[in-house]
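A.B. asks: One file is attached below, query_37.txt, containing compact mmCIF, C-alpha atoms.
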```txt
# COMPACT_ATOMS: atom_id res chain seq x y z
CA MET A 1 117.31 85.38 104.97
CA THR A 2 117.44 84.38 108.66
CA VAL A 3 113.76 85.18 109.19
CA THR A 4 112.76 83.23 106.07
CA LEU A 5 114.69 80.14 107.16
CA LEU A 6 113.36 80.37 110.73
CA VAL A 7 109.71 80.63 109.64
CA ALA A 8 110.12 77.75 107.17
CA LEU A 9 111.69 75.49 109.81
CA LEU A 10 109.01 76.37 112.38
CA ALA A 11 106.30 75.69 109.81
CA LEU A 12 107.80 72.31 109.00
CA ALA A 13 108.02 71.39 112.69
CA ALA A 14 104.42 72.55 113.25
CA GLY A 15 103.22 70.47 110.29
CA ILE A 16 104.90 67.32 111.60
CA ALA A 17 103.57 67.98 115.12
CA ALA A 18 100.06 68.49 113.75
CA ASN A 19 100.31 65.18 111.92
CA ARG A 20 101.47 63.48 115.11
CA PHE A 21 99.15 64.94 117.75
CA LEU A 22 96.19 66.77 116.17
CA ARG A 23 95.32 64.50 113.27
CA PRO A 24 93.76 61.69 115.40
CA ARG A 25 91.43 64.19 117.14
CA LEU A 26 90.44 66.12 114.02
CA MET A 27 90.13 63.31 111.48
CA GLY A 28 90.05 59.98 113.31
CA GLY A 29 90.20 56.80 111.24
CA ASP A 30 93.14 54.60 110.54
CA ASP A 31 96.45 56.28 111.19
CA ALA A 32 97.75 54.77 107.97
CA ASP A 33 95.08 56.51 105.91
CA GLY A 34 95.68 59.93 104.42
CA MET A 35 96.16 61.80 101.23
CA GLY A 36 99.09 60.70 99.13
CA VAL A 37 101.85 63.10 98.22
CA ARG A 38 100.69 63.14 94.59
CA ASP A 39 97.19 64.19 95.70
CA LEU A 40 98.56 66.97 97.84
CA ILE A 41 100.97 68.58 95.41
CA GLY A 42 98.45 69.75 92.79
CA PRO A 43 95.68 71.62 94.67
CA LEU A 44 97.76 72.87 97.59
CA MET A 45 100.69 74.12 95.54
CA THR A 46 98.91 75.88 92.68
CA LEU A 47 98.52 79.25 94.38
CA THR A 48 102.02 79.11 95.79
CA ILE A 49 103.58 78.31 92.42
CA LEU A 50 101.64 81.02 90.61
CA ILE A 51 102.68 83.70 93.08
CA LEU A 52 106.28 82.52 93.10
CA ALA A 53 106.35 82.60 89.30
CA PHE A 54 104.99 86.15 89.26
CA MET A 55 107.52 87.29 91.84
CA LEU A 56 110.40 85.59 90.03
CA VAL A 57 109.53 87.25 86.71
CA THR A 58 109.23 90.65 88.41
CA ALA A 59 112.54 90.26 90.24
CA SER A 60 114.36 88.99 87.14
CA SER A 61 113.08 91.96 85.12
CA SER A 62 114.41 94.36 87.75
CA ASN A 63 117.79 92.65 87.70
CA GLY A 64 117.92 92.86 83.91
CA ARG A 65 116.98 96.55 83.91
CA ALA A 66 119.73 97.26 86.44
CA ASP A 67 122.30 95.60 84.20
CA ASP A 68 121.04 97.47 81.13
CA ALA A 69 121.18 100.80 82.98
CA ALA A 70 124.75 100.13 84.15
CA ARG A 71 125.80 99.30 80.59
CA ALA A 72 124.10 102.40 79.18
CA GLU A 73 125.73 104.65 81.77
CA ALA A 74 129.20 103.22 81.09
CA HIS A 75 128.72 103.55 77.32
CA ALA A 76 127.61 107.18 77.66
CA LEU A 77 130.61 107.99 79.87
CA ASP A 78 132.95 106.37 77.36
CA HIS A 79 131.37 108.40 74.56
CA LEU A 80 131.70 111.61 76.59
CA SER A 81 135.38 110.91 77.17
CA GLU A 82 135.94 110.32 73.45
CA VAL A 83 134.12 113.48 72.40
CA ALA A 84 136.21 115.44 74.93
CA ASP A 85 139.21 114.92 72.63
CA TYR A 86 137.71 117.58 70.32
CA ALA A 87 137.44 120.19 73.08
CA PRO A 88 140.11 122.90 73.60
CA PRO A 89 143.27 121.53 75.31
CA ALA A 90 142.65 122.91 78.81
CA LEU A 91 139.03 121.77 78.92
CA ARG A 92 139.93 118.47 77.26
CA GLN A 93 142.21 117.51 80.14
CA ARG A 94 139.59 118.55 82.67
CA LEU A 95 136.80 116.53 81.02
CA ARG A 96 138.92 113.43 80.58
CA GLY A 97 140.12 113.63 84.18
CA ASP A 98 136.55 114.03 85.39
CA ALA A 99 135.52 110.96 83.37
CA VAL A 100 138.21 108.87 85.09
CA CYS A 101 137.18 110.13 88.51
CA TYR A 102 133.48 109.61 87.84
CA ALA A 103 134.09 105.97 86.85
CA ARG A 104 136.19 105.41 89.98
CA ALA A 105 133.62 107.06 92.25
CA VAL A 106 130.80 104.94 90.82
CA GLU A 107 132.79 101.72 91.15
CA HIS A 108 134.30 102.25 94.60
CA LYS A 109 131.78 104.48 96.38
CA GLU A 110 128.33 104.30 94.84
CA TRP A 111 128.26 100.60 93.96
CA PRO A 112 128.86 99.44 97.57
CA ALA A 113 126.29 101.98 98.81
CA MET A 114 123.66 100.57 96.44
CA ALA A 115 123.81 97.25 98.28
CA GLY A 116 121.81 99.04 100.97
CA GLY A 117 119.54 100.79 98.48
CA LYS A 118 121.40 104.09 98.85
CA GLY A 119 123.48 106.29 96.59
CA SER A 120 126.68 108.24 97.03
CA SER A 121 127.51 111.87 96.55
CA ALA A 122 131.00 111.02 95.24
CA PRO A 123 130.05 110.72 91.52
CA SER A 124 128.01 113.94 91.71
CA VAL A 125 131.19 115.93 92.35
CA TRP A 126 132.39 115.03 88.86
CA SER A 127 129.04 115.26 87.10
CA ARG A 128 128.72 118.83 88.40
CA ASP A 129 132.17 119.59 87.07
CA PHE A 130 131.08 118.18 83.69
CA ARG A 131 128.35 120.80 83.52
CA ALA A 132 130.65 123.56 84.76
CA THR A 133 133.09 122.68 81.98
CA PHE A 134 130.30 122.73 79.39
CA LYS A 135 129.46 126.28 80.46
CA GLU A 136 133.05 127.35 79.97
CA LEU A 137 133.10 125.65 76.58
CA GLY A 138 130.09 127.64 75.42
CA THR A 139 127.26 126.83 73.06
CA ASP A 140 129.21 128.05 70.05
CA SER A 141 131.63 125.13 70.26
CA PRO A 142 130.85 122.33 67.77
CA THR A 143 131.42 119.76 70.52
CA PHE A 144 129.01 121.37 72.99
CA GLY A 145 125.91 119.56 71.73
CA MET A 146 127.64 116.18 71.58
CA LEU A 147 129.03 116.54 75.09
CA VAL A 148 125.69 117.62 76.55
CA ALA A 149 123.90 114.73 74.82
CA ALA A 150 126.43 112.20 76.12
CA ASP A 151 126.19 113.61 79.63
CA ASP A 152 122.40 113.48 79.45
CA GLN A 153 122.55 109.77 78.56
CA ARG A 154 125.00 109.21 81.41
CA SER A 155 122.64 110.93 83.83
CA LEU A 156 119.66 108.89 82.64
CA GLY A 157 121.66 105.69 83.01
CA ARG A 158 122.67 106.59 86.53
CA GLN A 159 119.11 107.46 87.51
CA ALA A 160 117.83 104.16 86.13
CA ARG A 161 120.59 102.24 87.89
CA MET A 162 119.81 103.93 91.20
CA ALA A 163 116.09 103.26 90.80
CA GLU A 164 116.76 99.53 90.51
CA SER A 165 118.85 99.46 93.70
CA THR A 166 115.67 99.26 95.78
CA PRO A 167 113.44 96.15 95.70
CA THR A 168 110.60 96.16 93.17
CA ILE A 169 108.54 93.62 95.13
CA PRO A 170 106.79 95.40 98.02
CA PRO A 171 107.53 94.01 101.50
CA LEU A 172 103.83 93.25 102.00
CA ILE A 173 103.82 90.85 99.06
CA TYR A 174 106.96 89.13 100.29
CA TRP A 175 105.55 88.64 103.80
CA PHE A 176 102.25 87.41 102.34
CA MET A 177 104.16 84.86 100.28
CA LEU A 178 106.15 83.80 103.33
CA LEU A 179 102.91 83.31 105.27
CA ASN A 180 101.42 81.41 102.35
CA LEU A 181 104.47 79.14 102.31
CA ALA A 182 104.09 78.45 106.03
CA VAL A 183 100.36 77.66 105.74
CA THR A 184 101.00 75.37 102.77
CA VAL A 185 103.71 73.41 104.57
CA ILE A 186 101.60 73.08 107.73
CA GLY A 187 98.61 71.91 105.66
CA LEU A 188 100.74 69.33 103.89
CA GLY A 189 102.04 68.04 107.21
CA LEU A 190 98.52 67.82 108.65
CA CYS A 191 97.26 65.67 105.78
CA LEU A 192 100.12 63.15 105.74
CA PRO A 193 99.60 59.72 107.35
CA ARG A 194 101.08 59.15 110.80
CA LYS A 195 102.30 55.63 110.10
CA ASP A 196 104.49 54.39 107.30
CA ASN A 197 105.05 58.01 106.39
CA LYS A 198 108.78 58.21 105.81
CA GLY A 199 108.28 58.75 102.10
CA PRO A 200 105.63 61.48 102.42
CA LEU A 201 107.56 63.20 105.21
CA SER A 202 110.71 63.16 103.07
CA ALA A 203 108.73 64.64 100.21
CA LEU A 204 107.40 67.33 102.59
CA VAL A 205 110.93 68.25 103.57
CA VAL A 206 112.00 68.43 99.92
CA VAL A 207 108.99 70.60 98.99
CA THR A 208 109.69 72.92 101.92
CA VAL A 209 113.34 73.26 100.92
CA LEU A 210 112.47 73.98 97.27
CA LEU A 211 109.81 76.57 98.12
CA THR A 212 112.10 78.26 100.63
CA ALA A 213 115.01 78.28 98.19
CA THR A 214 112.82 79.79 95.47
CA LEU A 215 111.64 82.55 97.80
CA LEU A 216 115.20 83.30 98.88
CA ILE A 217 116.37 83.42 95.25
CA ILE A 218 113.56 85.85 94.43
CA ARG A 219 114.55 88.05 97.37
CA ASP A 220 118.17 87.97 96.24
CA VAL A 221 117.47 88.69 92.55
CA ASP A 222 115.15 91.56 93.53
CA ARG A 223 118.20 93.30 95.01
CA PRO A 224 120.49 93.58 91.98
CA PHE A 225 123.39 95.12 93.89
CA ALA A 226 123.33 92.97 97.05
CA GLY A 227 123.36 89.31 97.91
CA GLY A 228 124.74 86.43 95.89
CA ILE A 229 123.31 87.27 92.46
CA VAL A 230 124.61 90.78 91.88
CA VAL A 231 125.12 93.16 88.99
CA LYS A 232 128.80 94.05 89.07
CA PRO A 233 130.36 97.27 87.73
CA VAL A 234 132.19 95.40 84.96
CA GLN A 235 131.49 97.90 82.18
CA MET A 236 132.21 100.93 84.38
CA THR A 237 135.47 99.35 85.53
CA GLU A 238 136.55 98.79 81.93
CA VAL A 239 135.63 102.32 80.93
CA GLY A 240 137.59 103.64 83.91
CA LYS A 241 140.68 101.63 82.98
CA GLU A 242 140.48 102.71 79.35
CA SER A 243 140.01 106.34 80.36
CA VAL A 244 143.06 106.13 82.65
CA ARG A 245 145.20 104.70 79.84
CA ASP A 246 144.12 107.46 77.49
CA PHE A 247 144.71 110.14 80.13
CA LEU A 248 148.17 108.87 81.07
CA ALA A 249 149.16 108.75 77.41
CA ASP A 250 148.91 112.55 77.30
CA TYR A 251 149.27 113.74 80.90
CA PRO A 252 151.20 112.73 84.05
CA ALA A 253 149.38 110.65 86.64
CA ASP A 254 149.68 113.41 89.26
CA ARG A 255 147.43 115.61 87.17
CA LEU A 256 144.39 113.42 87.80
CA PRO A 257 142.04 115.39 90.07
CA CYS A 258 141.13 112.36 92.21
CA ASP A 259 142.59 109.39 94.05
CA GLU A 260 142.04 105.69 93.31
CA GLN A 261 138.63 105.81 95.02
CA GLY A 262 137.38 108.70 92.92
CA LEU A 263 137.60 111.23 95.76
CA PRO A 264 138.97 114.73 95.03
CA ARG A 265 142.63 115.24 95.79
CA PRO A 266 143.42 117.89 98.41
CA PRO A 267 144.77 121.15 96.97
CA LYS A 268 148.51 121.20 96.49
CA GLY A 269 150.25 122.68 99.48
CA GLY A 270 147.18 122.04 101.68
CA SER A 271 147.09 119.89 104.78
```
Using structure tokens, write down the structure that the file contains.

C.D. replies:
Amino acid sequence: MTVTLLVALLALAAGIAANRFLRPRLMGGDDADGMGVRDLIGPLMTLTILILAFMLVTASSSNGRADDAARAEAHALDHLSEVADYAPPALRQRLRGDAVCYARAVEHKEWPAMAGGKGSSAPSVWSRDFRATFKELGTDSPTFGMLVAADDQRSLGRQARMAESTPTIPPLIYWFMLLNLAVTVIGLGLCLPRKDNKGPLSALVVVTVLLTATLLIIRDVDRPFAGGIVVKPVQMTEVGKESVRDFLADYPADRLPCDEQGLPRPPKGGS
């Protein structure tokens, strides 16, 4: 964000300086002559607007896919926890406890890590235990297929969510658009009249602000888990709370295998 603002401000200053000092040498004529703001907006802004529109659609699609993936993952985890009620008692407690811990690990460990485009190993501890429990359950159990299918959907949701944590717009395109913004603003400043130009200069400032704001919004939306416009773990949080209520209805709280952050509890009697 800092680089974007700095380049935009420098471009605006360069455009005004070009209008003040270079225009008489390059164009001559009356200092009051020049293209009007209405004449400038159309031809000089077309390319910029088209590229911005493309980038905004791409970024918005990524943000929407991230939200859909988070919802799908939470739904699959909720379904897995419900199907676990039909497993044998010992494995039922283990699966339901793992579901609580997985939701906590995603919310408190992996979600913050995704702001930097990274994942966390914390949820994987519990997803591995899911599979270990399935092996103990055996393929002969009527719930085996339902549990495996729910876990598969959970895994796909997590993979999709993680994939959207990195920007979909390549850095080269973003820097090209930033350069295009700078050239456009400088060109607008060069073509404005030097005298009686308060209106055109004000319009130039407004156009610069709008273009810069649009580019910053695109950059923010293209990072679904960072910035101001973020996908929050609302569904996963709700599933975690519901899973905790169901678990505590049947088992004591000290039998959860993890802490509030979704990290494994140390063995009893250990340091």

A.B. asks: Which of these, A:Ala59, A:Ala84, A:Met45, A:Ala99, has the shortest distance to Thr208 of chain A once you count all atoms listed in the file?

C.D. replies: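 Nearest candidate to Thr208 of chain A out of A:Ala59, A:Ala84, A:Met45, A:Ala99: A:Met45.
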
A.B. asks: One decimal, Å: what's the distance from atom CA of Thr168 of chain A over to atom CA of Thr214 of chain A, could you say?

C.D. replies: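 Atom CA of Thr168 of chain A sits 16.7 Å away from atom CA of Thr214 of chain A.
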
A.B. asks: Could you list, as a ChimeraX atom specification, every residue within 7 Å of segment 179-186 of chain A, counting all atoms listed in the file and ignoring same-chain residues fewer than 6 positions away?

C.D. replies: /A:8,11-12,14-15,44,48,208

A.B. asks: What's the separation between atom CA of Arg20 of chain A and atom CA of Leu211 of chain A, in Å to one decimal place?

C.D. replies: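 If I compute the distance from atom CA of Arg20 of chain A to atom CA of Leu211 of chain A, I get 23.0 Å.
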
A.B. asks: I need the residue nearest Ser141 of chain A from this list: A:Leu156, A:Pro88, A:Gly97, A:Tyr174. Use all atoms listed in the file for the distance.

C.D. replies: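 Of all the options, A:Pro88 lies closest to Ser141 of chain A.
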
A.B. asks: Taking into account all atoms listed in the file, which residue in the set A:Pro264, A:Ala149, A:Gly228, A:Ser121 is nearest to Lys109 of chain A?

C.D. replies: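 Once distances to Lys109 of chain A are computed over all atoms listed in the file, the minimum belongs to A:Ser121.
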
A.B. asks: What does the structure give for the distance between atom CA of Val3 of chain A and atom CA of Glu110 of chain A, in Å to one decimal?

C.D. replies: 28.0 Å

A.B. asks: Closest to Leu178 of chain A among A:Met1, A:Val7, A:Met236, A:Leu256, using only C-alpha atoms?

C.D. replies: A:Val7

A.B. asks: Counting all atoms listed in the file, what is within 12 Å of Arg245 of chain A, bar same-chain residues fewer than 5 positions away, as a list in words?

C.D. replies: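 Close residues of Arg245 of chain A: Ser81, Arg96, Gly97, Val100, Glu238, Val239, Gly240, Asp250, Tyr251, Pro252, Ala253 and Leu256 of chain A.
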